[in-house]
Each structure stands twice: as C-alpha cells, then as structure tokens.
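For reference, protein-v8.txt (compact mmCIF, C-alpha atoms):
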```txt
# COMPACT_ATOMS: atom_id res chain seq x y z
CA MET F 1 -38.11 134.89 -7.92
CA THR F 2 -37.94 136.02 -11.53
CA TRP F 3 -40.19 138.85 -12.63
CA THR F 4 -41.19 139.87 -16.18
CA CYS F 5 -42.48 143.07 -17.81
CA GLU F 6 -45.84 141.38 -18.39
CA GLN F 7 -46.13 140.57 -14.72
CA THR F 8 -45.27 144.17 -13.83
CA GLU F 9 -48.04 145.47 -16.03
CA ALA F 10 -50.58 142.90 -14.86
CA ARG F 11 -49.83 143.36 -11.14
CA LEU F 12 -49.15 147.11 -11.11
CA SER F 13 -52.37 148.00 -9.26
CA ASP F 14 -51.73 145.30 -6.66
CA TYR F 15 -48.30 146.80 -6.10
CA LEU F 16 -49.62 150.36 -5.85
CA ASP F 17 -52.54 149.32 -3.65
CA GLY F 18 -50.08 147.51 -1.36
CA VAL F 19 -51.77 144.11 -1.60
CA MET F 20 -48.75 142.27 -2.97
CA SER F 21 -46.82 139.79 -0.81
CA ARG F 22 -43.39 140.80 0.47
CA GLU F 23 -41.56 138.41 -1.88
CA GLU F 24 -43.52 139.54 -4.91
CA GLY F 25 -43.01 143.18 -3.94
CA ALA F 26 -39.25 142.69 -3.67
CA ALA F 27 -39.12 140.94 -7.06
CA PHE F 28 -41.25 143.73 -8.53
CA ASP F 29 -38.87 146.38 -7.17
CA VAL F 30 -35.78 144.57 -8.45
CA HIS F 31 -37.26 144.23 -11.91
CA VAL F 32 -38.54 147.82 -12.16
CA ASN F 33 -35.24 149.28 -10.96
CA GLY F 34 -33.40 147.53 -13.76
CA CYS F 35 -36.02 147.82 -16.53
CA GLU F 36 -36.02 150.87 -18.80
CA ARG F 37 -39.52 150.07 -20.04
CA CYS F 38 -41.24 149.41 -16.72
CA ALA F 39 -39.67 152.13 -14.57
CA PRO F 40 -41.30 155.11 -16.39
CA MET F 41 -44.63 153.27 -16.56
CA VAL F 42 -44.69 152.63 -12.81
CA ALA F 43 -43.63 156.23 -12.13
CA SER F 44 -46.31 157.71 -14.39
CA VAL F 45 -49.14 155.54 -13.00
CA SER F 46 -48.04 156.25 -9.44
CA HIS F 47 -48.00 159.96 -10.23
CA LEU F 48 -51.43 159.72 -11.85
CA LEU F 49 -52.90 158.05 -8.75
CA SER F 50 -51.59 160.72 -6.40
CA ASP F 51 -52.93 163.38 -8.76
CA MET F 52 -56.37 161.79 -8.95
CA HIS F 53 -56.56 161.40 -5.17
CA ALA F 54 -55.78 165.11 -4.85
CA MET F 55 -58.61 166.05 -7.21
CA GLU F 56 -61.61 167.48 -5.41
CA GLN F 57 -65.28 166.87 -5.80
CA ILE F 58 -67.08 169.19 -8.17
CA GLU F 59 -69.85 171.33 -6.75
CA PRO F 60 -73.10 170.64 -8.61
CA PRO F 61 -75.33 173.59 -9.50
CA ALA F 62 -77.61 174.62 -6.63
CA ARG F 63 -80.67 174.14 -8.85
CA LEU F 64 -79.96 170.42 -9.26
CA VAL F 65 -81.60 169.32 -6.00
CA TYR F 66 -84.70 171.48 -6.64
CA ALA F 67 -84.96 170.23 -10.22
CA ILE F 68 -84.84 166.62 -9.00
CA LEU F 69 -87.42 167.31 -6.29
CA ASP F 70 -89.70 169.08 -8.76
CA GLN F 71 -89.46 166.14 -11.17
CA THR F 72 -90.10 163.51 -8.52
CA LEU F 73 -92.37 165.11 -5.93
CA GLY F 74 -93.94 167.61 -8.34
CA PRO F 75 -93.68 171.39 -8.22
CA ARG F 76 -94.07 172.77 -4.74
CA ASP F 77 -97.26 174.73 -4.08
CA ALA F 78 -96.92 178.29 -2.91
CA LEU F 79 -98.17 178.56 0.68
CA SER F 80 -101.06 180.87 1.36
CA GLY F 81 -103.16 182.02 4.30
CA TRP F 82 -102.35 180.76 7.78
CA ARG F 83 -99.89 178.18 6.37
CA ALA F 84 -97.76 180.99 4.98
CA VAL F 85 -97.88 182.73 8.38
CA LEU F 86 -96.89 179.48 10.10
CA ALA F 87 -94.00 178.98 7.69
CA TRP F 88 -92.90 182.55 8.35
CA LEU F 89 -93.07 182.02 12.11
CA ARG F 90 -91.07 178.81 11.74
CA GLY F 91 -88.37 180.85 10.04
CA ILE F 92 -88.31 183.31 12.93
CA GLY F 93 -87.78 180.44 15.34
CA SER F 94 -84.46 179.51 13.74
CA VAL F 95 -81.28 180.00 15.74
CA ARG F 96 -79.71 182.14 13.03
CA PHE F 97 -82.62 184.57 13.05
CA ALA F 98 -82.66 184.76 16.86
CA TYR F 99 -78.92 185.46 16.95
CA GLY F 100 -79.27 188.22 14.37
CA ALA F 101 -82.23 189.77 16.20
CA VAL F 102 -80.44 189.78 19.57
CA SER F 103 -77.34 191.33 18.02
CA MET F 104 -79.42 194.04 16.38
CA VAL F 105 -81.31 194.85 19.58
CA ALA F 106 -78.08 194.99 21.60
CA THR F 107 -76.46 197.34 19.07
CA LEU F 108 -79.54 199.56 19.04
CA ALA F 109 -79.62 199.66 22.86
CA ILE F 110 -75.94 200.67 22.98
CA PHE F 111 -76.49 203.48 20.49
CA VAL F 112 -79.61 204.79 22.22
CA THR F 113 -77.93 204.68 25.64
CA ALA F 114 -74.87 206.42 24.26
CA ALA F 115 -77.17 209.09 22.84
CA GLY F 116 -78.35 209.88 26.39
CA PHE F 117 -81.73 208.16 26.36
CA ASN F 118 -83.02 207.63 29.90
CA TRP F 119 -84.37 204.08 30.18
CA ARG F 120 -85.85 204.73 33.63
CA LYS F 121 -87.89 207.72 32.48
CA PRO F 122 -88.38 207.13 28.78
CA ARG F 123 -89.87 210.03 26.85
CA LEU F 124 -90.87 210.13 23.22
CA ALA F 125 -89.30 213.58 22.87
CA ASP F 126 -85.89 212.05 23.68
CA LEU F 127 -86.05 210.10 20.44
CA ARG F 128 -86.22 213.23 18.27
CA PRO F 129 -83.14 213.46 16.02
CA ASP F 130 -82.12 216.93 17.28
CA VAL F 131 -82.45 215.80 20.92
CA ILE F 132 -80.50 212.62 20.18
CA TYR F 133 -77.78 214.69 18.51
CA ARG F 134 -77.63 217.16 21.41
CA ASN F 135 -77.52 214.37 23.99
CA ALA F 136 -74.88 212.46 22.06
CA ASP F 137 -72.77 215.61 21.81
CA ARG F 138 -73.18 216.25 25.54
CA GLN F 139 -72.34 212.63 26.36
CA ALA F 140 -69.22 212.79 24.23
CA HIS F 141 -68.05 215.95 25.97
CA LEU F 142 -68.84 214.47 29.38
CA VAL F 143 -66.88 211.34 28.63
CA TYR F 144 -63.97 213.45 27.41
CA ALA F 145 -64.07 215.64 30.54
CA LYS F 146 -64.27 212.61 32.85
CA GLY F 147 -61.39 211.02 31.05
CA THR F 148 -59.26 214.14 31.34
CA LYS F 149 -60.10 214.50 35.03
CA PHE F 150 -59.26 210.88 35.65
CA VAL F 151 -55.87 211.24 33.98
CA ASN F 152 -55.14 214.41 35.99
CA ASP F 153 -56.15 212.69 39.23
CA LEU F 154 -53.85 209.81 38.43
CA ARG F 155 -51.03 212.26 37.85
CA VAL F 156 -51.66 213.93 41.23
CA VAL F 157 -51.73 210.62 43.03
CA ASN F 158 -48.52 209.58 41.36
CA GLU F 159 -46.87 212.83 42.35
CA ILE F 160 -48.03 212.48 45.96
CA GLN F 161 -46.81 208.92 46.17
CA SER F 162 -43.38 209.85 44.82
CA ARG F 163 -43.09 212.73 47.27
CA LEU F 164 -44.10 210.48 50.15
CA ARG F 165 -41.44 208.03 49.12
CA GLN F 166 -38.88 210.81 49.00
CA ASP F 167 -39.93 212.06 52.46
CA SER F 168 -39.70 208.59 53.97
CA GLU F 169 -36.26 208.07 52.47
CA ILE F 170 -34.70 211.35 53.64
CA PRO F 171 -34.55 210.52 57.41
CA SER F 172 -33.10 207.08 56.79
CA SER F 173 -30.43 208.50 54.49
CA ASN F 174 -29.64 211.19 57.08
CA GLN F 175 -29.18 208.49 59.69
CA SER F 176 -26.91 206.46 57.53
CA THR F 177 -24.57 209.27 56.56
CA VAL F 178 -22.20 211.23 58.70
CA PRO F 179 -23.73 214.59 59.67
CA GLN F 180 -22.08 217.48 57.91
CA SER F 181 -21.02 220.55 59.74
CA SER F 182 -22.52 222.83 57.19
CA PRO F 183 -24.83 222.19 54.23
CA ASP F 184 -23.40 222.43 50.73
CA LYS F 185 -24.41 225.63 49.19
CA HIS F 186 -23.62 226.66 45.72
CA PRO F 187 -22.81 230.26 45.16
CA GLY F 188 -25.84 232.16 43.84
CA SER F 189 -28.24 229.29 44.60
CA THR F 190 -31.37 230.07 46.55
CA GLU F 191 -32.28 226.42 47.15
CA SER F 192 -31.58 224.99 50.49
CA THR F 193 -32.35 221.76 52.31
CA PRO F 194 -35.81 222.08 53.82
CA SER F 195 -35.91 222.50 57.51
CA ALA F 196 -37.78 220.03 59.76
CA PRO F 197 -40.88 222.26 60.39
CA LYS F 198 -41.15 222.92 56.67
CA GLN F 199 -41.05 219.19 55.91
CA GLN F 200 -43.66 218.58 58.58
CA ASN F 201 -45.96 221.18 57.07
CA ARG F 202 -45.62 219.69 53.62
CA ALA F 203 -46.21 216.19 54.94
CA ASN F 204 -49.35 217.40 56.69
CA ASP F 205 -50.52 219.06 53.52
CA VAL F 206 -49.91 215.90 51.49
CA MET F 207 -51.70 213.79 54.08
CA LYS F 208 -54.77 216.03 53.91
CA ARG F 209 -54.83 215.80 50.15
CA LEU F 210 -54.42 212.06 50.33
CA GLU F 211 -57.32 211.75 52.76
CA VAL F 212 -59.56 213.75 50.43
CA LEU F 213 -58.47 211.64 47.50
CA ALA F 214 -59.01 208.44 49.46
CA GLU F 215 -62.59 209.46 50.15
CA GLU F 216 -63.28 210.27 46.49
CA MET F 217 -61.34 207.44 44.93
CA PRO F 218 -60.62 204.74 47.48
CA PHE F 219 -59.29 202.34 44.85
CA LEU F 220 -56.38 204.66 44.06
CA VAL F 221 -55.05 205.22 47.57
CA ALA F 222 -53.88 202.36 49.77
CA PRO F 223 -55.18 202.48 53.38
CA TRP F 224 -51.68 202.52 54.89
CA MET F 225 -50.93 205.80 53.13
CA VAL F 226 -53.49 207.64 55.23
CA GLY F 227 -52.72 205.68 58.39
CA GLY F 228 -55.70 203.30 58.12
CA GLU F 229 -53.72 200.07 58.34
CA ALA F 230 -50.23 198.86 58.80
CA GLY F 231 -47.84 199.86 56.05
CA PRO F 232 -46.42 197.56 53.44
CA ARG F 233 -43.65 195.19 54.31
CA ARG F 234 -40.24 196.55 53.75
CA MET F 235 -36.98 194.82 53.24
CA PRO F 236 -34.91 194.86 56.40
CA MET L 1 -76.01 153.16 5.44
CA GLU L 2 -78.62 152.30 8.04
CA GLN L 3 -79.86 155.83 7.89
CA ASP L 4 -80.25 155.52 4.12
CA ALA L 5 -82.28 152.33 4.54
CA GLN L 6 -84.46 154.06 7.11
CA LEU L 7 -84.98 157.02 4.79
CA VAL L 8 -85.92 154.67 1.98
CA GLN L 9 -88.54 153.06 4.22
CA GLN L 10 -89.95 156.47 5.08
CA CYS L 11 -90.03 157.39 1.38
CA LEU L 12 -91.96 154.25 0.58
CA GLN L 13 -94.49 155.29 3.24
CA GLY L 14 -94.94 158.58 1.40
CA ASP L 15 -92.63 160.85 3.37
CA GLY L 16 -91.50 163.58 0.97
CA SER L 17 -88.95 165.07 3.37
CA ALA L 18 -87.17 161.68 3.60
CA TRP L 19 -86.85 161.63 -0.19
CA GLU L 20 -85.52 165.19 -0.13
CA GLU L 21 -82.93 164.13 2.43
CA LEU L 22 -81.85 161.20 0.24
CA VAL L 23 -81.50 163.48 -2.76
CA ARG L 24 -79.42 165.98 -0.77
CA ARG L 25 -77.16 163.21 0.57
CA HIS L 26 -76.38 161.59 -2.78
CA SER L 27 -76.87 164.20 -5.52
CA ARG L 28 -73.35 165.58 -5.28
CA ARG L 29 -71.68 162.20 -5.61
CA ILE L 30 -73.91 161.17 -8.50
CA PHE L 31 -73.30 164.47 -10.27
CA ASN L 32 -69.55 163.95 -9.89
CA ILE L 33 -69.68 160.44 -11.38
CA CYS L 34 -71.73 161.74 -14.30
CA TYR L 35 -69.43 164.70 -14.82
CA ARG L 36 -66.26 162.62 -14.72
CA PHE L 37 -67.79 160.16 -17.18
CA THR L 38 -69.20 162.66 -19.68
CA GLY L 39 -66.89 165.63 -19.10
CA ASN L 40 -69.83 167.94 -19.65
CA GLY L 41 -71.63 169.88 -16.91
CA THR L 42 -75.00 170.15 -18.67
CA GLU L 43 -75.06 166.48 -19.57
CA ALA L 44 -74.00 165.57 -16.02
CA GLU L 45 -76.87 167.65 -14.62
CA ASP L 46 -79.44 166.09 -16.95
CA LEU L 47 -78.13 162.60 -16.25
CA SER L 48 -78.21 163.17 -12.49
CA GLN L 49 -81.86 164.15 -12.77
CA ASP L 50 -82.57 161.03 -14.82
CA VAL L 51 -80.80 158.90 -12.23
CA PHE L 52 -82.92 160.19 -9.37
CA LEU L 53 -86.08 159.97 -11.43
CA ARG L 54 -85.35 156.30 -12.06
CA VAL L 55 -84.38 155.71 -8.45
CA TYR L 56 -87.63 157.32 -7.31
CA ARG L 57 -89.70 155.13 -9.62
CA THR L 58 -87.91 151.90 -8.72
CA LEU L 59 -87.37 152.61 -5.02
CA GLY L 60 -89.66 149.71 -4.14
CA SER L 61 -87.26 147.25 -5.75
CA TYR L 62 -84.36 148.27 -3.52
CA ARG L 63 -83.40 145.62 -0.96
CA SER L 64 -81.04 146.75 1.77
CA ALA L 65 -79.95 143.13 2.31
CA HIS L 66 -78.34 143.09 -1.15
CA GLY L 67 -76.13 146.10 -0.48
CA GLY L 68 -76.03 149.72 0.50
CA PHE L 69 -78.31 152.34 -1.00
CA ALA L 70 -75.28 154.29 -2.26
CA THR L 71 -74.06 151.22 -4.21
CA TRP L 72 -77.52 150.69 -5.63
CA VAL L 73 -77.82 154.31 -6.78
CA THR L 74 -74.33 154.06 -8.28
CA SER L 75 -75.43 150.96 -10.22
CA VAL L 76 -78.42 152.85 -11.60
CA THR L 77 -76.10 155.71 -12.52
CA ARG L 78 -73.64 153.40 -14.24
CA ASN L 79 -76.42 151.76 -16.30
CA LEU L 80 -77.75 155.15 -17.35
CA LEU L 81 -74.27 156.35 -18.25
CA ILE L 82 -73.65 153.32 -20.46
CA ASP L 83 -77.04 153.83 -22.13
CA HIS L 84 -76.20 157.47 -22.63
CA TYR L 85 -72.78 156.59 -24.05
CA ARG L 86 -74.30 154.21 -26.61
CA ARG L 87 -77.05 156.67 -27.50
CA THR L 88 -74.67 159.54 -28.10
CA LYS L 89 -71.89 157.57 -29.79
CA ARG L 90 -72.93 158.65 -33.27
CA ASP L 91 -73.27 162.27 -32.17
CA ARG L 92 -69.76 162.26 -30.76
CA GLN L 93 -68.34 160.84 -33.97
CA THR L 94 -69.91 163.61 -36.04
CA ASP L 95 -69.52 166.41 -33.56
CA SER L 96 -65.97 167.72 -33.49
CA LEU L 97 -66.69 170.72 -31.34
CA ASP L 98 -65.81 170.46 -27.70
CA ASP L 99 -68.84 172.09 -26.13
CA ALA L 100 -68.07 171.05 -22.60
CA MET L 101 -69.67 173.50 -20.25
CA PRO L 102 -67.17 174.80 -17.72
CA VAL L 103 -68.01 173.53 -14.28
CA VAL L 104 -67.20 175.36 -11.10
CA GLU L 105 -64.69 173.33 -9.14
CA ASN L 106 -65.36 172.73 -5.51
CA LYS L 107 -64.60 175.75 -3.33
CA GLU L 108 -63.93 173.65 -0.26
CA SER L 109 -60.22 173.96 -0.90
CA ALA L 110 -59.83 176.30 2.07
CA GLY L 111 -56.26 176.62 3.16
CA ARG L 112 -54.79 176.05 -0.31
CA ARG L 113 -52.68 178.77 -1.84
CA PRO L 114 -54.01 180.32 -5.07
CA ASP L 115 -51.15 178.82 -7.11
CA GLU L 116 -51.92 175.37 -5.67
CA GLN L 117 -55.59 175.82 -6.53
CA LEU L 118 -54.68 176.85 -10.05
CA LEU L 119 -52.40 173.85 -10.45
CA LEU L 120 -55.09 171.55 -9.11
CA GLY L 121 -57.69 173.03 -11.47
CA GLU L 122 -55.36 172.57 -14.44
CA LEU L 123 -54.57 169.02 -13.38
CA SER L 124 -58.26 168.26 -12.99
CA SER L 125 -59.05 169.44 -16.51
CA GLN L 126 -56.13 167.46 -17.95
CA VAL L 127 -57.21 164.26 -16.24
CA GLN L 128 -60.78 164.96 -17.36
CA SER L 129 -59.66 165.28 -20.97
CA ALA L 130 -57.66 162.08 -20.71
CA LEU L 131 -60.62 160.24 -19.14
CA LYS L 132 -62.77 161.06 -22.17
CA LYS L 133 -60.31 159.16 -24.35
CA LEU L 134 -60.61 155.97 -22.32
CA SER L 135 -63.05 153.25 -23.31
CA PRO L 136 -66.26 153.38 -21.20
CA GLU L 137 -65.47 150.10 -19.42
CA LEU L 138 -62.07 151.28 -18.27
CA ARG L 139 -63.29 154.82 -17.60
CA GLU L 140 -66.08 153.80 -15.24
CA ALA L 141 -63.76 151.44 -13.37
CA VAL L 142 -61.13 154.15 -12.84
CA ILE L 143 -63.72 156.78 -11.89
CA LEU L 144 -65.32 154.53 -9.28
CA ARG L 145 -62.02 153.39 -7.80
CA ASP L 146 -59.74 156.40 -7.99
CA LEU L 147 -62.11 159.38 -8.06
CA GLN L 148 -64.97 158.03 -5.95
CA GLN L 149 -62.77 155.83 -3.76
CA LEU L 150 -65.12 152.84 -3.88
CA GLU L 151 -63.90 149.46 -2.61
CA TYR L 152 -63.35 146.61 -5.09
CA MET L 153 -66.35 144.79 -3.65
CA GLU L 154 -68.63 147.79 -4.21
CA ILE L 155 -67.35 148.25 -7.77
CA GLN L 156 -67.99 144.57 -8.37
CA GLN L 157 -71.60 145.08 -7.26
CA VAL L 158 -72.04 148.23 -9.32
CA LEU L 159 -70.56 146.83 -12.52
CA ALA L 160 -71.99 143.35 -11.96
CA VAL L 161 -68.77 141.67 -13.08
CA PRO L 162 -66.39 139.30 -11.25
CA GLU L 163 -63.68 140.66 -8.98
CA GLY L 164 -60.93 139.62 -11.38
CA THR L 165 -62.51 141.64 -14.17
CA VAL L 166 -62.82 144.68 -11.91
CA LYS L 167 -59.15 144.50 -10.94
CA SER L 168 -58.08 143.97 -14.52
CA ARG L 169 -60.14 146.92 -15.76
CA ILE L 170 -58.86 149.23 -13.06
CA ASN L 171 -55.28 148.20 -13.78
CA ARG L 172 -55.60 148.61 -17.53
CA GLY L 173 -57.51 151.84 -17.09
CA ARG L 174 -54.79 153.37 -14.93
CA ILE L 175 -51.98 152.37 -17.31
CA GLU L 176 -53.93 153.61 -20.32
CA LEU L 177 -54.81 156.89 -18.61
CA ALA L 178 -51.18 157.48 -17.64
CA ARG L 179 -50.12 156.78 -21.22
CA ILE L 180 -52.69 159.27 -22.59
CA LEU L 181 -51.53 161.91 -20.12
CA GLN L 182 -47.92 161.33 -21.13
CA GLN L 183 -48.90 161.82 -24.75
CA MET L 184 -50.53 165.09 -23.67
CA GLY L 185 -47.24 166.10 -22.08
CA VAL L 186 -48.46 165.62 -18.52
CA GLY L 187 -46.47 163.33 -16.28
CA PRO L 188 -43.96 163.03 -13.48
CA SER L 189 -41.38 165.77 -13.67
```

Before we go any further, please render this structure as structure tokens.
Amino acid sequence: MTWTCEQTEARLSDYLDGVMSREEGAAFDVHVNGCERCAPMVASVSHLLSDMHAMEQIEPPARLVYAILDQTLGPRDALSGWRAVLAWLRGIGSVRFAYGAVSMVATLAIFVTAAGFNWRKPRLADLRPDVIYRNADRQAHLVYAKGTKFVNDLRVVNEIQSRLRQDSEIPSSNQSTVPQSSPDKHPGSTESTPSAPKQQNRANDVMKRLEVLAEEMPFLVAPWMVGGEAGPRRMP
Amino acid sequence: MEQDAQLVQQCLQGDGSAWEELVRRHSRRIFNICYRFTGNGTEAEDLSQDVFLRVYRTLGSYRSAHGGFATWVTSVTRNLLIDHYRRTKRDRQTDSLDDAMPVVENKESAGRRPDEQLLLGELSSQVQSALKKLSPELREAVILRDLQQLEYMEIQQVLAVPEGTVKSRINRGRIELARILQQMGVGPS
C-alpha cells in the first residue's frame, strides 16, 4: 500500500487515536519513518496530545457557584427567629461538629483528671487555678515517684532472679567437676567460696523477699520461683 | 446522566436544592471550557454565569431522550462562546494589551513534585496561548476532544455538524496547534 504526505496529514488523528486498520497503520509507519516532512509533524502532534492530556482542570473561583445561584434563584434571605435556630441546630448535628466536640471533651477530661480532679466527689473549689496547679504538681511528683519505685523494683527482681540462677547452677557444676582437695585461694584475698549453711541462709533470705514481692507485684514473679507450681522445663 | 435527568425534573417542579446540585456538578467543567476558549479568567467567570442563566431559563426545553444534560449544557456553552467571540472580535483587533487575569491552576496535583508542577503550569500557559491563535472552529473542537475528553459523538451533538467535519476539525486543529507551539519554541525535545 502506497502512502502519501497528504494522507498522513488527513489521517493523523485516526493514527493517534488508534482507529486505523493494521494495514493502513503499517503503511503510515513506513511512510513517516522515511519522510523528513511528516516525521517531525507526527512527533510534535503526538507530543502535544500527551501534554494536553496531562493538563489539569482549572479551579473556578469559589464565588462562581454562589453568583450563579444568586442570579438564578435570587439572593438568599437571611434566616431569622426560630428558622435561624433550626439552621444552627442542623449545623451542630453534622458529623464534623460532633467529632470536634467529642475530641475537645476528651482532651478536657484528660487535662482535668491529670490535674487531680476527683470525678467521684466533684467540688467547685477543685477547679480553682491555684488548686489545679497544686494538684497537677502533686500528680506529677507522684507519677515520678511511682516510676522511680517501679524501676527500682524491677532492678531488685532482676538481681534476685540472677542470683537464683547462680545458686541453682552451682550444685550442678560441683557435681560435674572433680572435687578439689583444697579451694583455690589467692594470696591476700579475703573472698572464699561460700559454705553450705551460708548459701542456705542466703537462699532463705531471697525466698522471703521473693514471697513479699510476689504478694505486692504478682505479675513480676513467676509462681514456680516461690514454690507455688512446678518449675519451668529445662533441657535435659 | 440519569441523576442529571432526575435533578432536572426536580428543578422543573421548583426544587431549588436540585438546581444548586446541578450547578455544583457542572460549573467547574463549564468554567474550564470557557477559560480554555477565552484564555481569560474574568471572561470565563462571566460567561459561565451567562451559560447557567440561559440553562435555567430554557430548562423546560431540555429533552433527556435527545442526549445527556452535560452535552446539552456544553452546546449552550459553545453557542454562547461563539456569540461572545463574534461580539468581541472588534475589541480584540483594537486591543493589543494582554489583560488575561491569572487563574489559579487546580491544586489537586497531590503527589507531584514542585518542579513537575512548575513544568505543568508553564506548559498549560503555553498551550493556552497557542489555543488563542487558533480559529474558533478548530479551537472548540480541540478543547472538547483533547481537554474535555468528549467522545466524537458528543462533540458532533454539541457542534451540530456531521461526524466527518468533527474529525476533520480536530485533526486540523491539532496539527495547527502543534505548528503554533513549534513557532513558539515549544515542542518535542
């Protein structure tokens, strides 16, 4: 099929819109590839189309809709009396307003609670600024003290658990090794391997402390540690 | 489309909120057609108001069986734009000042990088300038097809010309627009 420059120009949109038959499309391609006049034209129109498709819609001025409505329906009357109240109430009923109101109330409740306000026995005096400040200060110190105590308790529990582990490992290691005739003692060192009664005393002491801790903070101490249940499984 | 026809029926029964809904649904598109045709924000705003005023007055003559409401409103817009073009032809010949009011481009381009947005804005203004140099027949055909993405059949209804004429105008309009842009130094790199 022979193809001319005139045909290229006349059928360019068909080609770009993809509505040309396969034979015509092939002839079009062959001609354009070998034509110095048509090739730049096809490239520039193709480029223009992709550019125009990328162009976005322009945002009209916000007043346009109101201007049209004023011209067609007439200027809107200002609401008065009970109609104004109804319109106001309708606004309150919107989801956006409800969401904002709930968020505000929740934030306020958090602040008031943090300031030490007692919801069970509410008193007007508790809402005085100086009382709120004093309560907030007290609450902050209390939270700090509780936090510090909690961290210290965790440290104690950790220490106890590590000592218990050490105590449970010592007898097994003693069994596995050949007994020595005399303990290693470094010259000038006062440390010595604890004797069996001493170990027993310390274990008893640790157990007592664990029991007390288990009563105060049961979530920190496993029942097997204080002999409540069977111990954890161990590797054979 | 069905919803538009329903809203039109409600409007004809005196429902103001239905008319408001129609205006909200179509005002942006009509403003865009007017802006692309005139290249002037103030004129596009005034023309959009005129379009809806005419649509409001002649709403009773709309028949959904003859086509969609959007196509009908576009036809009214096109007729007003041609009238406006003829009316202001003499003014344009004497007025050499380019008093086009800058229009805020759509901010829906979320996700685009600032340099892409800038490039797109520049491109838009270049195409807009080139469009103004096209004859009104070719300009309206290109705007409806390539900027408003209307189908050939819809353009045929809007322009009230045969399909062959629509295709020919779109084709000539594209080639002419590309040539103008090339003369402006804008083209494929």

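Shortest atom-to-atom contact with chain F among L:Leu150, L:Val166, L:Val23, L:Val158: L:Val23, counting only C-alpha atoms.
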
I'd like the box whose edges run along x, y and z of the file and which contains every listed atom of region 39-54 of chain F, padded by 3 Å per side; could you state its centre and edge lengths in Å, one decimal, as AutoDock Vina command-line options?
```
--center_x -48.1 --center_y 158.6 --center_z -10.7 --size_x 22.9 --size_y 19.0 --size_z 17.7
```

Using only C-alpha atoms and a distance of at most 12 Å, pull out the residues of chain F that contact chain L, as a PyMOL selection string.
chain F and resi 7-17+19+38-74+76

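Here CA of Thr58 (chain L) stands at a distance of 24.9 Å from CA of Glu137 (chain L).
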
Show which residues sit within 8 Å of Phe37 (chain L), as a PyMOL selection string. Count all atoms listed in the file, and ignore same-chain residues fewer than 6 positions away.
chain L and resi 81+131-132+139-140+143

Could you turn the residues from that selection into a file that holds C-alpha atoms, as a compact mmCIF listing (two decimals), keeping the file's coordinate frame?
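Generated output (part_35.txt):
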```txt
# COMPACT_ATOMS: atom_id res chain seq x y z
CA LEU L 81 -74.27 156.35 -18.25
CA LEU L 131 -60.62 160.24 -19.14
CA LYS L 132 -62.77 161.06 -22.17
CA ARG L 139 -63.29 154.82 -17.60
CA GLU L 140 -66.08 153.80 -15.24
CA ILE L 143 -63.72 156.78 -11.89
```

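Atom pair CA of Ser168 (chain F) / CA of Ala203 (chain F) has a distance of 10.1 Å (rounded to one decimal).
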
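CA of Gly164 (chain L) is positioned 9.7 Å from CA of Tyr152 (chain L).
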
Glu2 (chain L): which residues within 12 Å, counting only C-alpha atoms, same-chain residues fewer than 2 positions away excluded, as a PyMOL selection string?
chain L and resi 4-9+64-65+67-70

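Candidate residues L:Thr88, L:Gln126, L:Thr165, L:Gln156 were compared for distance to Gln183 (chain L), and the nearest is L:Gln126, using only C-alpha atoms.
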
Shortest interatomic distance to Arg165 (chain F) - which of F:Asn118, F:Val212, F:Val206, F:Ala136, counting only C-alpha atoms:
F:Val206

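Among L:Ala160, L:Met153, L:Leu22, L:Ala130, the residue with the shortest atom-to-atom distance to Met184 (chain L), counting all atoms listed in the file, is L:Ala130.
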
Contacts of Leu80 (chain L) at 9 Å or less, counting only C-alpha atoms, minus same-chain residues fewer than 4 places along, as a VMD selection string?
chain L and resid 47 50 to 51 75 to 76 84 to 85

Using all atoms listed in the file, the best pick from F:Ile160, F:Met20, F:Ala26, F:Val112 as closest to Thr2 (chain F) would be F:Ala26
